[in-house]
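Take a look at the structure below.
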Amino acid sequence: MRGLGPIIRKELGDHFSSHRFVILFGMAALVAFMTTYLAAMSLKEALEGSSRPPFVFLMLFSTPGALFSLLQFVAFFGPLIGIVLGFDSINRERVQGTLIKILSQPIHRDAIINGKFLATMITVAIMLLAIILVVTGFGLLILGVIPGAEEVVRLALFYILSLFYIGFWLALSTLFSVTFRGITTSALSSFVLWIFLSFFLPLLGDVIAKGMTSQEVGSREQIELLIKQAEIKETIELGSVMTLYTKSATLLVDPSRKTASNIVIMGAMEKFLSSRFKNPLSLDQSLLVIYPYALTIVALTILCFGITYTIFLLQEIRT
Amino acid sequence: MEIKEIIKTFDLTKVYGKETAVDHLNFAIREGEIFGFLGPNGAGKTTTLLMLLGLSEPTYGRAFVAGYDPVREPLEIKKVVGYLPENVGFYHDLSPVETLQFIGELNELPQRELRKRIDELLTMVGLSKDRYKKVGAFSRGMKQRLGIAEVLIKEPKVLFLDEPTLGLDPEGSRDLIELIKRLNQEKGITVLVSSHNLQQVEEISHRVGVMIMGRLIAVGSMEELGREKLGVGEGEYSLEELYHLYFEEEANERVRTHN
Ligand SMILES: Nc1ncnc2c1ncn2[C@@H]1O[C@H](COP(=O)(O)OP(=O)(O)OP(=O)(O)O)[C@@H](O)[C@H]1O
Ligand SMILES: [Mg+2]
């Protein structure tokens, strides 16, 4: 595609020399290092003397260090990376009058939106890879574990899934930067949607679930009521990309998890099996459980970018 | 000698909502001429330029630029037309060299050739000693000169300059006007320049077009316009006076049709 190469190169240069990227990367790296360090130390302590369970390396990602695990950190911080790197990508150029200048060069219009999206995704990919490599380093140094073949595959899948997850938020903030002329407006819209989807929706799920089952209190057994509430809550939460991601990513890096559901909904047998470290799921079993969630994330990302792309291509230049 | 028309429009029309920005425009620009595009704010000059470049889709009508239809083959037109938008913007974090490098790459110029052109152009517009400074620190005049270098890097056959002297001091304007003249004479570049400065337009244009409310009410050389309007030859009336005469007539016309 004409113009794609130069645009990607320029955008990459912009990202890597921007204060924004440095701050974002610094913050992500710092928190990631601290989390893994603490996780590694607590793992080391817990494993002292006992025989090594399988997948110790992966536990670096799923074990909470101080407050949260590395996985939870990506679930929370990933959207921020996507939003911060994308909310002004098109409207800034529109406002400063450079968009029309690039568009009057002999390039395809989609080279601009594709180039910007790809360049930012490359930036994110480098960022995330750097963090994962450092975590691997910690694993080697503190725990002395080397990832096995299956762990590498699981980690690679986790990496790709995370990229799509962050890609969704990047596509979304780019969508706002295409539709809104104001940079503040697009930033605010992205953040509001992020807060809504990530925090209010689960809360809302809780409220709705309780509300829907409130008449039934007393008419049923307590345990049945709880299960029903949890089911409703979970269905609503599926509207949150963060929930989708957390569920599927957890299953990827924690083979001892058997289901994406909460403990309450698990059957008795599953609960029995879920005692830690026992009979971890094989890779294809894990994949079978997560594929609806993971596929939804991928589809949402592609859909969101598709909408952004189409609007940008059909848009009147002077708005 | 046959006169070749490098730009030609047929009932070119652009409607924004209820407002007709460009109304059945028919005109032609000859290869190698400087054409001055006049008209008050909101007359439709910028809209016309955008349609000629394929950046904005006409509501009705057609146009040809250098033999191509802007709707079907905008890329071919953008290869040969250099467009300096009104209030052109710049990447503040880049230097002139980096800016020109980027624009040159978008035009797929080979590296070696590109470096040569960047050198030549920066010397030509007088920015060679500021070549590594950030554009963010440039004055309006320096930016405008960089803008000129940007449109020239592709070695265009046609230049669209939308109010290029806006905001420049008298000397800056002078230099720019001289440069446009020189490019036209030495390289045979066809220039379509819009401006509100009637004296400047009068000085450099071979022909002018006056646009009001989306319609082109007069086209021709100064001499032709004078003859048509007043039955006199060139020299007796300045473009300024002619412009006002046309303007008054248009206003009277409007009052008549309104009643
Ligand atoms: N995106 C848009 N939506 C609606 N109307 C528009 C849009 N862009 C331009 N117009 C209208 O089109 C008309 C022509 O505008 P245009 O910018 O072409 O004028 P102009 O001759 O270049 O004026 P100026 O000398 O001020 O630059 C104006 O009345 C303007 O309001
Ligand atoms: Mg204009």
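Residues are named by chain letter and number: chains run A, B, ... in the order of the structure tokens, numbers start at 1 in each chain, and ligands are numbered from 1 in the order shown.
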Please extract the residues at most 9 Å from ligand 1, counting only C-alpha atoms and all ligand atoms, and provide them as a PDB file with C-alpha atoms, in the first residue's frame, using the chain letters and residue numbers of this document.
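The resulting file, out-v4.pdb, is shown below:
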```
ATOM      1  CA  GLU A 316     -15.281  14.793   4.768  1.00  0.00           C
ATOM      2  CA  ILE A 317     -11.823  16.334   5.004  1.00  0.00           C
ATOM      3  CA  ARG A 318     -12.990  19.635   6.388  1.00  0.00           C
ATOM      4  CA  THR A 319     -15.028  19.056   9.492  1.00  0.00           C
TER       5      THR A 319
ATOM      6  CA  LYS B  14     -20.375  21.162  -4.108  1.00  0.00           C
ATOM      7  CA  VAL B  15     -23.308  21.291  -1.753  1.00  0.00           C
ATOM      8  CA  TYR B  16     -22.838  21.183   2.028  1.00  0.00           C
ATOM      9  CA  GLY B  17     -26.217  20.452   3.540  1.00  0.00           C
ATOM     10  CA  LYS B  18     -28.413  23.278   2.302  1.00  0.00           C
ATOM     11  CA  GLU B  19     -25.539  25.522   1.325  1.00  0.00           C
ATOM     12  CA  THR B  20     -24.070  25.489  -2.161  1.00  0.00           C
ATOM     13  CA  ALA B  21     -20.376  26.211  -1.717  1.00  0.00           C
ATOM     14  CA  VAL B  22     -19.498  25.840  -5.403  1.00  0.00           C
ATOM     15  CA  PHE B  37      -8.345  33.124  -7.880  1.00  0.00           C
ATOM     16  CA  LEU B  38     -10.233  35.965  -6.250  1.00  0.00           C
ATOM     17  CA  GLY B  39     -13.289  36.202  -4.096  1.00  0.00           C
ATOM     18  CA  PRO B  40     -14.505  37.213  -0.655  1.00  0.00           C
ATOM     19  CA  ASN B  41     -14.463  34.863   2.342  1.00  0.00           C
ATOM     20  CA  GLY B  42     -16.691  31.863   1.843  1.00  0.00           C
ATOM     21  CA  ALA B  43     -16.804  32.298  -1.937  1.00  0.00           C
ATOM     22  CA  GLY B  44     -15.820  28.662  -2.509  1.00  0.00           C
ATOM     23  CA  LYS B  45     -12.193  28.968  -3.578  1.00  0.00           C
ATOM     24  CA  THR B  46     -10.803  26.447  -1.120  1.00  0.00           C
ATOM     25  CA  THR B  47     -13.677  24.069  -1.817  1.00  0.00           C
ATOM     26  CA  THR B  48     -12.856  24.220  -5.530  1.00  0.00           C
ATOM     27  CA  LEU B  49      -9.196  23.438  -4.904  1.00  0.00           C
ATOM     28  CA  LEU B  50     -10.105  20.484  -2.687  1.00  0.00           C
ATOM     29  CA  GLU B  86      -4.472  27.763   3.693  1.00  0.00           C
ATOM     30  CA  ASP B 162      -4.247  28.843  -1.134  1.00  0.00           C
ATOM     31  CA  GLU B 163      -3.585  32.310   0.252  1.00  0.00           C
ATOM     32  CA  SER B 194      -5.958  32.244  -4.374  1.00  0.00           C
ATOM     33  CA  SER B 195      -5.502  35.470  -2.505  1.00  0.00           C
ATOM     34  CA  HIS B 196      -7.244  38.448  -1.001  1.00  0.00           C
ATOM     35  CA  MET B 211     -15.714  34.002  -7.548  1.00  0.00           C
ATOM     36  CA  ILE B 212     -18.657  35.088  -5.437  1.00  0.00           C
ATOM     37  CA  MET B 213     -21.093  32.842  -3.592  1.00  0.00           C
ATOM     38  CA  GLY B 214     -19.838  29.752  -5.363  1.00  0.00           C
TER      39      GLY B 214
END
```
ask   = Quick one: residues within 12 Å of A:Leu314, only C-alpha atoms counted, chain neighbours fewer than 2 positions away excluded, as a list in words?
value = Arg109, Asp110, Val178, Thr179, Ile307, Thr308, Tyr309, Thr310, Ile311, Phe312, Glu316, Ile317 and Arg318 of chain A; Leu55, Ser56 and Glu57 of chain B
Please produce a file of the residues just selected, as a CSV table (one decimal), in the first residue's frame, where the atoms kept are N, CA and C atoms.
```
chain,number,residue,atom,x,y,z
A,109,ARG,N,-5.6,6.8,1.3
A,109,ARG,CA,-6.1,7.3,2.5
A,109,ARG,C,-6.0,6.3,3.7
A,110,ASP,N,-6.2,5.1,3.3
A,110,ASP,CA,-6.2,4.1,4.4
A,110,ASP,C,-4.7,3.8,4.9
A,178,VAL,N,-11.1,9.9,15.6
A,178,VAL,CA,-11.6,10.1,14.2
A,178,VAL,C,-12.9,10.9,14.3
A,179,THR,N,-13.7,10.5,15.3
A,179,THR,CA,-15.1,11.2,15.3
A,179,THR,C,-15.1,12.5,16.0
A,307,ILE,N,-14.7,-0.3,12.1
A,307,ILE,CA,-15.6,0.9,12.2
A,307,ILE,C,-14.8,2.1,12.1
A,308,THR,N,-13.7,2.2,12.8
A,308,THR,CA,-12.8,3.4,12.8
A,308,THR,C,-12.3,3.6,11.4
A,309,TYR,N,-11.8,2.6,10.7
A,309,TYR,CA,-11.3,2.6,9.4
A,309,TYR,C,-12.3,3.2,8.4
A,310,THR,N,-13.6,2.6,8.5
A,310,THR,CA,-14.6,3.0,7.5
A,310,THR,C,-15.0,4.4,7.7
A,311,ILE,N,-15.2,4.8,9.0
A,311,ILE,CA,-15.6,6.2,9.2
A,311,ILE,C,-14.5,7.2,8.7
A,312,PHE,N,-13.2,6.8,9.0
A,312,PHE,CA,-12.1,7.7,8.5
A,312,PHE,C,-12.1,7.8,7.0
A,316,GLU,N,-15.6,13.6,5.5
A,316,GLU,CA,-15.3,14.8,4.8
A,316,GLU,C,-14.0,15.4,5.4
A,317,ILE,N,-13.1,15.8,4.5
A,317,ILE,CA,-11.8,16.3,5.0
A,317,ILE,C,-12.0,17.5,5.9
A,318,ARG,N,-12.9,18.4,5.6
A,318,ARG,CA,-13.0,19.6,6.4
A,318,ARG,C,-14.2,19.5,7.3
B,55,LEU,N,-9.7,15.6,-2.9
B,55,LEU,CA,-9.8,15.5,-1.4
B,55,LEU,C,-11.2,15.7,-1.0
B,56,SER,N,-12.0,16.2,-1.9
B,56,SER,CA,-13.4,16.4,-1.5
B,56,SER,C,-14.2,16.0,-2.7
B,57,GLU,N,-15.3,15.3,-2.5
B,57,GLU,CA,-16.1,14.7,-3.6
B,57,GLU,C,-17.1,15.7,-4.1
```
key: Polymer residues at most 10 Å from B:Ile3, only C-alpha atoms, same-chain spacing of 4 or more positions, as a list in words   = Ile29, Arg30, Glu31 and Gly32 of chain B
query = Skipping near chain neighbours, those fewer than 6 positions away, what residues fall within 10 Å of B:Glu105 using only C-alpha atoms, listed as a VMD selection string?
reply = (chain A and resid 3 5 to 7 105) or (chain B and resid 99 111 114 154)
Just list as a compact mmCIF listing (two decimals) with all heavy atoms, in the first residue's frame whatever in stretch 17-198 of chain B DSSP marks as strand (DSSP E or B).
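Written output follows (part_29.txt):
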```txt
# COMPACT_ATOMS: atom_id res chain seq x y z
N GLU B 19 -26.34 24.46 1.90
CA GLU B 19 -25.54 25.52 1.33
C GLU B 19 -24.76 25.05 0.09
O GLU B 19 -24.10 24.01 0.13
CB GLU B 19 -24.55 26.01 2.39
CG GLU B 19 -23.99 27.35 2.08
CD GLU B 19 -23.14 27.84 3.25
OE1 GLU B 19 -23.19 27.22 4.34
OE2 GLU B 19 -22.42 28.82 3.06
N THR B 20 -24.85 25.82 -0.97
CA THR B 20 -24.07 25.49 -2.16
C THR B 20 -22.76 26.27 -2.11
O THR B 20 -22.75 27.48 -2.26
CB THR B 20 -24.85 25.86 -3.44
OG1 THR B 20 -26.13 25.24 -3.35
CG2 THR B 20 -24.14 25.36 -4.67
N ALA B 21 -21.67 25.55 -1.86
CA ALA B 21 -20.38 26.21 -1.72
C ALA B 21 -19.78 26.53 -3.08
O ALA B 21 -19.15 27.57 -3.27
CB ALA B 21 -19.42 25.34 -0.92
N VAL B 22 -19.96 25.61 -4.04
CA VAL B 22 -19.50 25.84 -5.40
C VAL B 22 -20.66 25.50 -6.34
O VAL B 22 -21.26 24.43 -6.22
CB VAL B 22 -18.28 24.96 -5.73
CG1 VAL B 22 -17.89 25.12 -7.19
CG2 VAL B 22 -17.11 25.32 -4.83
N ASP B 23 -20.98 26.44 -7.23
CA ASP B 23 -22.22 26.35 -7.98
C ASP B 23 -21.95 26.27 -9.49
O ASP B 23 -21.63 27.26 -10.12
CB ASP B 23 -23.05 27.60 -7.63
CG ASP B 23 -24.49 27.46 -8.09
OD1 ASP B 23 -24.82 26.41 -8.68
OD2 ASP B 23 -25.26 28.40 -7.87
N HIS B 24 -22.05 25.10 -10.05
CA HIS B 24 -21.87 24.90 -11.50
C HIS B 24 -20.71 25.70 -12.07
O HIS B 24 -20.89 26.62 -12.87
CB HIS B 24 -23.17 25.24 -12.24
CG HIS B 24 -24.26 24.28 -11.90
ND1 HIS B 24 -25.05 24.41 -10.78
CD2 HIS B 24 -24.68 23.17 -12.53
CE1 HIS B 24 -25.92 23.41 -10.74
NE2 HIS B 24 -25.71 22.63 -11.78
N LEU B 25 -19.54 25.31 -11.63
CA LEU B 25 -18.33 26.03 -12.02
C LEU B 25 -17.81 25.50 -13.37
O LEU B 25 -17.61 24.30 -13.53
CB LEU B 25 -17.28 25.83 -10.94
CG LEU B 25 -16.03 26.68 -10.99
CD1 LEU B 25 -16.39 28.13 -10.75
CD2 LEU B 25 -15.04 26.20 -9.94
N ALA B 28 -11.35 26.97 -17.20
CA ALA B 28 -10.18 26.20 -17.61
C ALA B 28 -8.93 27.00 -17.28
O ALA B 28 -8.94 28.22 -17.28
CB ALA B 28 -10.24 25.91 -19.10
N ILE B 29 -7.87 26.26 -16.99
CA ILE B 29 -6.58 26.91 -16.76
C ILE B 29 -5.59 26.35 -17.77
O ILE B 29 -5.54 25.14 -18.02
CB ILE B 29 -6.10 26.66 -15.32
CG1 ILE B 29 -7.03 27.41 -14.36
CG2 ILE B 29 -4.66 27.14 -15.14
CD1 ILE B 29 -6.72 27.18 -12.92
N ARG B 30 -4.85 27.25 -18.39
CA ARG B 30 -3.93 26.84 -19.46
C ARG B 30 -2.60 26.42 -18.87
O ARG B 30 -2.16 26.96 -17.86
CB ARG B 30 -3.72 28.00 -20.43
CG ARG B 30 -5.01 28.43 -21.08
CD ARG B 30 -4.83 29.75 -21.78
NE ARG B 30 -6.13 30.28 -22.18
CZ ARG B 30 -6.35 31.55 -22.43
NH1 ARG B 30 -5.36 32.44 -22.32
NH2 ARG B 30 -7.54 31.97 -22.78
N ILE B 34 -0.15 31.61 -14.78
CA ILE B 34 -0.47 31.84 -13.38
C ILE B 34 -1.89 32.37 -13.34
O ILE B 34 -2.20 33.37 -13.97
CB ILE B 34 0.49 32.87 -12.74
CG1 ILE B 34 1.93 32.36 -12.79
CG2 ILE B 34 0.09 33.14 -11.29
CD1 ILE B 34 2.94 33.31 -12.16
N PHE B 35 -2.74 31.65 -12.63
CA PHE B 35 -4.15 32.01 -12.59
C PHE B 35 -4.48 32.50 -11.19
O PHE B 35 -4.27 31.80 -10.21
CB PHE B 35 -5.00 30.79 -12.95
CG PHE B 35 -6.46 31.09 -13.12
CD1 PHE B 35 -6.98 31.44 -14.36
CD2 PHE B 35 -7.33 31.02 -12.03
CE1 PHE B 35 -8.33 31.72 -14.52
CE2 PHE B 35 -8.68 31.30 -12.20
CZ PHE B 35 -9.18 31.65 -13.44
N GLY B 36 -4.97 33.72 -11.10
CA GLY B 36 -5.32 34.28 -9.78
C GLY B 36 -6.78 34.02 -9.47
O GLY B 36 -7.66 34.27 -10.29
N PHE B 37 -7.00 33.52 -8.29
CA PHE B 37 -8.35 33.12 -7.88
C PHE B 37 -8.81 34.11 -6.82
O PHE B 37 -8.26 34.17 -5.71
CB PHE B 37 -8.25 31.71 -7.30
CG PHE B 37 -9.42 30.85 -7.57
CD1 PHE B 37 -10.38 31.18 -8.52
CD2 PHE B 37 -9.57 29.66 -6.88
CE1 PHE B 37 -11.46 30.35 -8.75
CE2 PHE B 37 -10.63 28.82 -7.11
CZ PHE B 37 -11.59 29.17 -8.05
N LEU B 38 -9.80 34.92 -7.16
CA LEU B 38 -10.23 35.97 -6.25
C LEU B 38 -11.63 35.69 -5.72
O LEU B 38 -12.41 34.96 -6.33
CB LEU B 38 -10.26 37.32 -6.98
CG LEU B 38 -8.93 37.83 -7.50
CD1 LEU B 38 -9.16 39.04 -8.39
CD2 LEU B 38 -8.02 38.17 -6.35
N TYR B 60 -21.84 17.33 -7.81
CA TYR B 60 -22.28 17.23 -9.19
C TYR B 60 -21.17 17.75 -10.09
O TYR B 60 -20.35 18.55 -9.68
CB TYR B 60 -23.57 18.05 -9.37
CG TYR B 60 -24.12 18.02 -10.78
CD1 TYR B 60 -24.86 16.93 -11.22
CD2 TYR B 60 -23.88 19.08 -11.66
CE1 TYR B 60 -25.36 16.90 -12.51
CE2 TYR B 60 -24.37 19.05 -12.95
CZ TYR B 60 -25.11 17.96 -13.38
OH TYR B 60 -25.59 17.92 -14.64
N GLY B 61 -21.16 17.30 -11.34
CA GLY B 61 -20.19 17.84 -12.29
C GLY B 61 -18.87 17.08 -12.27
O GLY B 61 -18.68 16.14 -11.50
N ARG B 62 -17.98 17.49 -13.19
CA ARG B 62 -16.69 16.80 -13.30
C ARG B 62 -15.56 17.79 -13.43
O ARG B 62 -15.77 18.97 -13.67
CB ARG B 62 -16.68 15.92 -14.56
CG ARG B 62 -17.78 14.91 -14.63
CD ARG B 62 -17.52 13.98 -15.76
NE ARG B 62 -16.41 13.08 -15.46
CZ ARG B 62 -16.03 12.10 -16.27
NH1 ARG B 62 -16.64 11.92 -17.42
NH2 ARG B 62 -15.03 11.32 -15.95
N ALA B 63 -14.37 17.25 -13.31
CA ALA B 63 -13.19 18.10 -13.51
C ALA B 63 -12.07 17.23 -14.07
O ALA B 63 -12.10 16.00 -13.94
CB ALA B 63 -12.76 18.71 -12.18
N PHE B 64 -11.13 17.87 -14.74
CA PHE B 64 -9.93 17.17 -15.18
C PHE B 64 -8.72 17.98 -14.80
O PHE B 64 -8.68 19.20 -14.99
CB PHE B 64 -9.96 16.93 -16.68
CG PHE B 64 -10.93 15.85 -17.06
CD1 PHE B 64 -12.22 16.18 -17.45
CD2 PHE B 64 -10.57 14.52 -16.96
CE1 PHE B 64 -13.13 15.18 -17.75
CE2 PHE B 64 -11.47 13.52 -17.27
CZ PHE B 64 -12.75 13.85 -17.67
N VAL B 65 -7.73 17.31 -14.22
CA VAL B 65 -6.49 17.97 -13.87
C VAL B 65 -5.36 17.14 -14.45
O VAL B 65 -5.25 15.94 -14.14
CB VAL B 65 -6.33 18.09 -12.33
CG1 VAL B 65 -5.01 18.74 -11.99
CG2 VAL B 65 -7.48 18.88 -11.73
N TYR B 68 -6.40 13.82 -15.69
CA TYR B 68 -7.03 12.82 -14.81
C TYR B 68 -8.27 13.38 -14.14
O TYR B 68 -8.39 14.57 -13.89
CB TYR B 68 -6.04 12.38 -13.72
CG TYR B 68 -4.80 11.74 -14.26
CD1 TYR B 68 -3.59 12.44 -14.27
CD2 TYR B 68 -4.82 10.43 -14.75
CE1 TYR B 68 -2.44 11.86 -14.77
CE2 TYR B 68 -3.67 9.85 -15.25
CZ TYR B 68 -2.48 10.55 -15.25
OH TYR B 68 -1.35 9.98 -15.74
N VAL B 81 0.56 17.47 -8.68
CA VAL B 81 0.10 18.75 -8.15
C VAL B 81 0.66 18.95 -6.74
O VAL B 81 0.54 18.07 -5.89
CB VAL B 81 -1.44 18.82 -8.10
CG1 VAL B 81 -1.88 20.15 -7.48
CG2 VAL B 81 -2.04 18.67 -9.48
N GLY B 82 1.28 20.10 -6.53
CA GLY B 82 1.71 20.47 -5.19
C GLY B 82 0.69 21.40 -4.59
O GLY B 82 0.35 22.42 -5.18
N TYR B 83 0.15 21.04 -3.41
CA TYR B 83 -0.92 21.83 -2.80
C TYR B 83 -0.44 22.44 -1.49
O TYR B 83 -0.04 21.73 -0.57
CB TYR B 83 -2.12 20.92 -2.57
CG TYR B 83 -3.25 21.53 -1.78
CD1 TYR B 83 -3.72 22.82 -2.05
CD2 TYR B 83 -3.87 20.81 -0.75
CE1 TYR B 83 -4.77 23.36 -1.32
CE2 TYR B 83 -4.93 21.35 -0.03
CZ TYR B 83 -5.37 22.63 -0.31
OH TYR B 83 -6.41 23.16 0.42
N LEU B 84 -0.49 23.75 -1.42
CA LEU B 84 -0.19 24.43 -0.15
C LEU B 84 -1.50 24.92 0.44
O LEU B 84 -2.08 25.90 -0.03
CB LEU B 84 0.75 25.62 -0.40
CG LEU B 84 1.21 26.37 0.86
CD1 LEU B 84 2.08 25.51 1.74
CD2 LEU B 84 1.93 27.66 0.48
N VAL B 158 1.98 21.36 -11.51
CA VAL B 158 0.98 22.38 -11.16
C VAL B 158 1.09 22.69 -9.68
O VAL B 158 1.36 21.81 -8.86
CB VAL B 158 -0.46 21.84 -11.42
CG1 VAL B 158 -1.48 22.93 -11.15
CG2 VAL B 158 -0.60 21.33 -12.84
N LEU B 159 0.92 23.97 -9.33
CA LEU B 159 0.90 24.36 -7.92
C LEU B 159 -0.47 24.94 -7.58
O LEU B 159 -0.99 25.78 -8.31
CB LEU B 159 1.95 25.43 -7.65
CG LEU B 159 3.40 25.02 -7.47
CD1 LEU B 159 4.24 26.24 -7.13
CD2 LEU B 159 3.53 23.97 -6.38
N PHE B 160 -1.05 24.47 -6.46
CA PHE B 160 -2.25 25.11 -5.91
C PHE B 160 -1.82 25.84 -4.65
O PHE B 160 -1.42 25.20 -3.68
CB PHE B 160 -3.30 24.06 -5.51
CG PHE B 160 -3.98 23.39 -6.66
CD1 PHE B 160 -4.91 22.38 -6.41
CD2 PHE B 160 -3.74 23.76 -7.97
CE1 PHE B 160 -5.56 21.74 -7.46
CE2 PHE B 160 -4.38 23.13 -9.02
CZ PHE B 160 -5.30 22.11 -8.76
N LEU B 161 -1.84 27.15 -4.67
CA LEU B 161 -1.42 27.89 -3.49
C LEU B 161 -2.63 28.63 -2.92
O LEU B 161 -3.17 29.53 -3.56
CB LEU B 161 -0.32 28.89 -3.85
CG LEU B 161 0.89 28.30 -4.59
CD1 LEU B 161 1.86 29.41 -4.99
CD2 LEU B 161 1.59 27.26 -3.74
N ASP B 162 -3.06 28.23 -1.73
CA ASP B 162 -4.25 28.84 -1.13
C ASP B 162 -3.82 29.92 -0.15
O ASP B 162 -3.36 29.62 0.95
CB ASP B 162 -5.09 27.76 -0.45
CG ASP B 162 -6.54 28.17 -0.31
OD1 ASP B 162 -6.85 29.35 -0.58
OD2 ASP B 162 -7.37 27.31 0.06
N THR B 190 2.58 25.51 -13.84
CA THR B 190 1.28 26.19 -13.85
C THR B 190 0.90 26.49 -12.40
O THR B 190 1.04 25.63 -11.54
CB THR B 190 0.21 25.28 -14.47
OG1 THR B 190 0.69 24.79 -15.71
CG2 THR B 190 -1.09 26.03 -14.66
N VAL B 191 0.42 27.71 -12.15
CA VAL B 191 0.11 28.08 -10.77
C VAL B 191 -1.33 28.56 -10.65
O VAL B 191 -1.77 29.41 -11.42
CB VAL B 191 1.06 29.19 -10.26
CG1 VAL B 191 0.76 29.51 -8.81
CG2 VAL B 191 2.51 28.78 -10.42
N LEU B 192 -2.02 27.98 -9.70
CA LEU B 192 -3.37 28.45 -9.37
C LEU B 192 -3.27 29.02 -7.96
O LEU B 192 -3.02 28.30 -7.00
CB LEU B 192 -4.35 27.28 -9.41
CG LEU B 192 -5.79 27.50 -8.97
CD1 LEU B 192 -6.39 28.69 -9.68
CD2 LEU B 192 -6.61 26.26 -9.28
N VAL B 193 -3.38 30.36 -7.86
CA VAL B 193 -3.14 30.98 -6.56
C VAL B 193 -4.38 31.76 -6.12
O VAL B 193 -4.94 32.55 -6.88
CB VAL B 193 -1.88 31.87 -6.60
CG1 VAL B 193 -1.94 32.90 -7.71
CG2 VAL B 193 -1.65 32.56 -5.26
N SER B 194 -4.84 31.47 -4.90
CA SER B 194 -5.96 32.24 -4.37
C SER B 194 -5.41 33.26 -3.39
O SER B 194 -4.44 32.99 -2.69
CB SER B 194 -6.96 31.32 -3.67
OG SER B 194 -6.74 31.32 -2.28
```
message = Please find the residues of chain A near chain B - the criterion being any atom within 12 Å, counting only C-alpha atoms - and write them as a count of residues only.
response = 44
query = Suppose you want the space between atom CA of A:Thr35 and atom CA of A:Phe77; what is it in Å?
reply =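 Between these atoms lies a distance of 13.1 Å.
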ask   = B:Lys157, B:Pro164, B:Phe27, B:Glu202: which is nearest ligand 2, counting only C-alpha atoms and all ligand atoms?
value =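 Nearest to ligand 2: B:Pro164.
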task = Pick out the closest residue to ligand 2 from this set: B:Leu166, B:Tyr132, B:His244, B:Thr123. Count only C-alpha atoms and all ligand atoms.
result = B:Leu166
Straight-line distance linking atom CA of B:Gly141 with atom CA of B:Leu176, stated in Å to one decimal = 9.8 Å
query = Per DSSP on the backbone, what are the alpha helix (DSSP H) residues of stretch 31-168 of chain B, as a PyMOL selection string?
reply = chain B and resi 45-53+74-80+96-106+111-124+140-152
Just the selected residues (C-alpha atoms), exported as a short mmCIF file (atom, residue, chain, number, x, y, z; two decimals), in the first residue's frame, please.
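Saved the output as result21.cif:
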```cif
data_model
loop_
_atom_site.label_atom_id
_atom_site.label_comp_id
_atom_site.auth_asym_id
_atom_site.auth_seq_id
_atom_site.Cartn_x
_atom_site.Cartn_y
_atom_site.Cartn_z
CA LYS B 45 -12.19 28.97 -3.58
CA THR B 46 -10.80 26.45 -1.12
CA THR B 47 -13.68 24.07 -1.82
CA THR B 48 -12.86 24.22 -5.53
CA LEU B 49 -9.20 23.44 -4.90
CA LEU B 50 -10.11 20.48 -2.69
CA MET B 51 -12.36 19.06 -5.38
CA LEU B 52 -9.68 19.48 -8.04
CA LEU B 53 -7.30 17.47 -5.85
CA PRO B 74 -6.76 11.20 -7.25
CA LEU B 75 -3.36 9.59 -6.79
CA GLU B 76 -2.23 10.46 -10.31
CA ILE B 77 -3.21 14.07 -9.70
CA LYS B 78 -1.47 14.20 -6.34
CA LYS B 79 1.72 13.02 -8.00
CA VAL B 80 1.89 16.10 -10.20
CA PRO B 96 12.85 21.04 8.09
CA VAL B 97 15.09 18.25 6.86
CA GLU B 98 13.02 15.58 8.62
CA THR B 99 9.80 17.14 7.38
CA LEU B 100 10.96 17.22 3.78
CA GLN B 101 12.35 13.72 4.15
CA PHE B 102 8.94 12.47 5.24
CA ILE B 103 7.05 14.23 2.46
CA GLY B 104 9.61 13.00 -0.07
CA GLU B 105 9.21 9.41 1.13
CA LEU B 106 5.43 9.69 0.78
CA GLN B 111 16.89 8.52 -1.17
CA ARG B 112 19.80 9.98 -3.07
CA GLU B 113 17.61 12.18 -5.24
CA LEU B 114 15.62 13.21 -2.19
CA ARG B 115 18.71 14.36 -0.30
CA LYS B 116 19.80 16.42 -3.27
CA ARG B 117 16.41 18.08 -3.60
CA ILE B 118 16.19 18.83 0.11
CA ASP B 119 19.52 20.65 -0.08
CA GLU B 120 18.53 22.64 -3.13
CA LEU B 121 15.11 23.56 -1.82
CA LEU B 122 16.28 24.64 1.61
CA THR B 123 18.81 26.93 -0.06
CA MET B 124 16.16 28.23 -2.42
CA ARG B 140 5.19 32.36 10.48
CA GLY B 141 7.35 33.41 7.54
CA MET B 142 9.81 30.57 8.02
CA LYS B 143 6.96 28.08 8.21
CA GLN B 144 5.43 29.43 5.04
CA ARG B 145 8.77 29.08 3.25
CA LEU B 146 9.07 25.53 4.49
CA GLY B 147 5.54 24.96 3.19
CA ILE B 148 6.70 26.08 -0.24
CA ALA B 149 9.67 23.71 -0.10
CA GLU B 150 7.29 20.89 0.83
CA VAL B 151 5.10 21.37 -2.22
CA LEU B 152 8.11 21.63 -4.50
#
```
note = Separating atom CA of A:Leu175 from atom CA of A:Phe305, to the nearest tenth of an Å, is a gap of 7.5 Å
task = Would you kindly return, as number ranges by chain, each protein, DNA or RNA residue with an atom no farther than 7 Å from any atom of A:Leu170, considering only C-alpha atoms and excluding same-chain residues fewer than 2 positions away?
result = A: 82-83, 86, 166-168, 172-174
